[in-house]
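> Below is one structure. I have some questions about it.
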Amino acid sequence: MKNKIGFNFFFALLAFPIGLALLREFDFETYSFKKSALGILYLITFIVAIYLTFKKKENTTEK
């Protein structure tokens, strides 16, 4: 059996508001975060949530 890319709805719902907060924290005029530590934390959390949203499903059946 092939491993299929899964879609985890919980992490998708979690990534949406984090992405919006990340956009609010980013200043497009200077291309930097308003508060650096908070922006980096949002960015790391957003990347992890997106990764977990589209993580491949493991094959649980063995033959």
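Numbering starts fresh at 1 for the residues of each chain in the structure tokens, the chains themselves are lettered A, B, ... in the order given, and ligands are numbered from 1 as they appear.
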So which residues touch Phe10 of chain A within 10 Å, counting only C-alpha atoms, skipping near sequence neighbours fewer than 2 positions away, as a PyMOL selection string?

chain A and resi 7-8+12-15+49+52-53

> As number ranges by chain, which residues of segment 5-63 of chain A does DSSP assign to helix (DSSP H, G or I)?

A: 9-25, 36-53

> Go ahead and save the residues from that selection, with N, CA, C and O atoms, as a compact mmCIF listing (two decimals), in the first residue's frame.


# COMPACT_ATOMS: atom_id res chain seq x y z
N PHE A 9 -7.46 18.08 10.36
CA PHE A 9 -8.30 19.27 10.47
C PHE A 9 -7.99 20.08 11.72
O PHE A 9 -8.06 21.31 11.71
N PHE A 10 -7.62 19.42 12.81
CA PHE A 10 -7.30 20.12 14.06
C PHE A 10 -6.12 21.06 13.87
O PHE A 10 -6.18 22.23 14.29
N PHE A 11 -5.05 20.58 13.26
CA PHE A 11 -3.88 21.43 13.07
C PHE A 11 -4.12 22.52 12.02
O PHE A 11 -3.52 23.58 12.07
N ALA A 12 -5.03 22.27 11.09
CA ALA A 12 -5.40 23.30 10.12
C ALA A 12 -6.14 24.44 10.83
O ALA A 12 -5.90 25.62 10.55
N LEU A 13 -7.04 24.08 11.74
CA LEU A 13 -7.73 25.10 12.52
C LEU A 13 -6.77 25.85 13.44
O LEU A 13 -6.97 27.03 13.73
N LEU A 14 -5.75 25.18 13.91
CA LEU A 14 -4.75 25.81 14.76
C LEU A 14 -3.83 26.73 13.96
O LEU A 14 -3.45 27.80 14.42
N ALA A 15 -3.50 26.34 12.74
CA ALA A 15 -2.58 27.12 11.92
C ALA A 15 -3.20 28.42 11.42
O ALA A 15 -2.49 29.41 11.22
N PHE A 16 -4.50 28.45 11.21
CA PHE A 16 -5.16 29.63 10.66
C PHE A 16 -5.00 30.87 11.55
O PHE A 16 -4.53 31.91 11.09
N PRO A 17 -5.38 30.81 12.84
CA PRO A 17 -5.21 32.03 13.66
C PRO A 17 -3.74 32.36 13.93
O PRO A 17 -3.40 33.53 14.10
N ILE A 18 -2.88 31.35 13.97
CA ILE A 18 -1.46 31.63 14.15
C ILE A 18 -0.91 32.35 12.93
O ILE A 18 -0.10 33.28 13.06
N GLY A 19 -1.35 31.96 11.75
CA GLY A 19 -0.93 32.65 10.53
C GLY A 19 -1.42 34.08 10.49
O GLY A 19 -0.70 34.99 10.06
N LEU A 20 -2.64 34.31 10.94
CA LEU A 20 -3.17 35.68 11.00
C LEU A 20 -2.39 36.53 11.99
O LEU A 20 -2.09 37.70 11.72
N ALA A 21 -2.05 35.96 13.13
CA ALA A 21 -1.26 36.68 14.12
C ALA A 21 0.14 36.97 13.59
O ALA A 21 0.71 38.03 13.86
N LEU A 22 0.67 36.04 12.82
CA LEU A 22 1.98 36.24 12.22
C LEU A 22 1.95 37.40 11.22
O LEU A 22 2.87 38.22 11.17
N LEU A 23 0.89 37.49 10.44
CA LEU A 23 0.75 38.60 9.50
C LEU A 23 0.60 39.94 10.21
O LEU A 23 1.12 40.96 9.76
N ARG A 24 -0.13 39.95 11.34
CA ARG A 24 -0.28 41.19 12.10
C ARG A 24 1.03 41.62 12.73
O ARG A 24 1.28 42.80 12.90
N GLU A 25 1.86 40.66 13.11
CA GLU A 25 3.12 40.95 13.78
C GLU A 25 4.20 41.42 12.80
O GLU A 25 5.14 42.09 13.19
N SER A 36 10.49 40.96 17.88
CA SER A 36 11.25 39.88 17.23
C SER A 36 11.00 38.51 17.85
O SER A 36 10.78 37.54 17.12
N ALA A 37 11.05 38.42 19.17
CA ALA A 37 10.90 37.12 19.82
C ALA A 37 9.50 36.53 19.58
O ALA A 37 9.37 35.34 19.29
N LEU A 38 8.49 37.37 19.66
CA LEU A 38 7.13 36.90 19.45
C LEU A 38 6.91 36.50 17.99
O LEU A 38 6.26 35.49 17.70
N GLY A 39 7.47 37.25 17.07
CA GLY A 39 7.35 36.92 15.65
C GLY A 39 8.02 35.61 15.30
O GLY A 39 7.48 34.80 14.54
N ILE A 40 9.20 35.37 15.87
CA ILE A 40 9.91 34.12 15.62
C ILE A 40 9.14 32.94 16.22
O ILE A 40 9.04 31.87 15.62
N LEU A 41 8.56 33.14 17.40
CA LEU A 41 7.76 32.09 18.02
C LEU A 41 6.53 31.78 17.18
O LEU A 41 6.20 30.60 16.97
N TYR A 42 5.85 32.80 16.68
CA TYR A 42 4.71 32.59 15.79
C TYR A 42 5.12 31.84 14.52
O TYR A 42 4.42 30.94 14.06
N LEU A 43 6.27 32.22 13.96
CA LEU A 43 6.73 31.59 12.73
C LEU A 43 7.04 30.11 12.94
O LEU A 43 6.62 29.26 12.14
N ILE A 44 7.73 29.78 14.01
CA ILE A 44 8.07 28.38 14.29
C ILE A 44 6.80 27.57 14.54
O ILE A 44 6.64 26.47 14.01
N THR A 45 5.87 28.13 15.32
CA THR A 45 4.62 27.43 15.61
C THR A 45 3.79 27.24 14.35
O THR A 45 3.19 26.18 14.14
N PHE A 46 3.77 28.23 13.46
CA PHE A 46 3.02 28.14 12.22
C PHE A 46 3.61 27.06 11.31
O PHE A 46 2.87 26.25 10.74
N ILE A 47 4.93 27.00 11.20
CA ILE A 47 5.58 25.99 10.37
C ILE A 47 5.30 24.59 10.90
O ILE A 47 4.99 23.67 10.13
N VAL A 48 5.36 24.40 12.20
CA VAL A 48 5.08 23.09 12.80
C VAL A 48 3.62 22.70 12.58
O VAL A 48 3.33 21.54 12.24
N ALA A 49 2.71 23.64 12.72
CA ALA A 49 1.29 23.34 12.53
C ALA A 49 1.01 22.96 11.07
O ALA A 49 0.24 22.03 10.81
N ILE A 50 1.62 23.65 10.12
CA ILE A 50 1.44 23.30 8.71
C ILE A 50 2.04 21.93 8.41
O ILE A 50 1.45 21.12 7.70
N TYR A 51 3.21 21.65 8.99
CA TYR A 51 3.83 20.33 8.79
C TYR A 51 2.93 19.22 9.33
O TYR A 51 2.71 18.21 8.66
N LEU A 52 2.39 19.42 10.53
CA LEU A 52 1.53 18.39 11.12
C LEU A 52 0.19 18.29 10.41
O LEU A 52 -0.45 17.24 10.46
N THR A 53 -0.24 19.35 9.74
CA THR A 53 -1.49 19.30 8.98
C THR A 53 -1.36 18.36 7.79
O THR A 53 -2.27 17.59 7.50

> Identify, on the basis of only C-alpha atoms, every residue whose closest approach to Phe26 of chain A does not exceed 9 Å; exclude the query and any residue fewer than 6 positions from it along the same chain; express the result as a VMD selection string.

chain A and resid 32 to 35 39
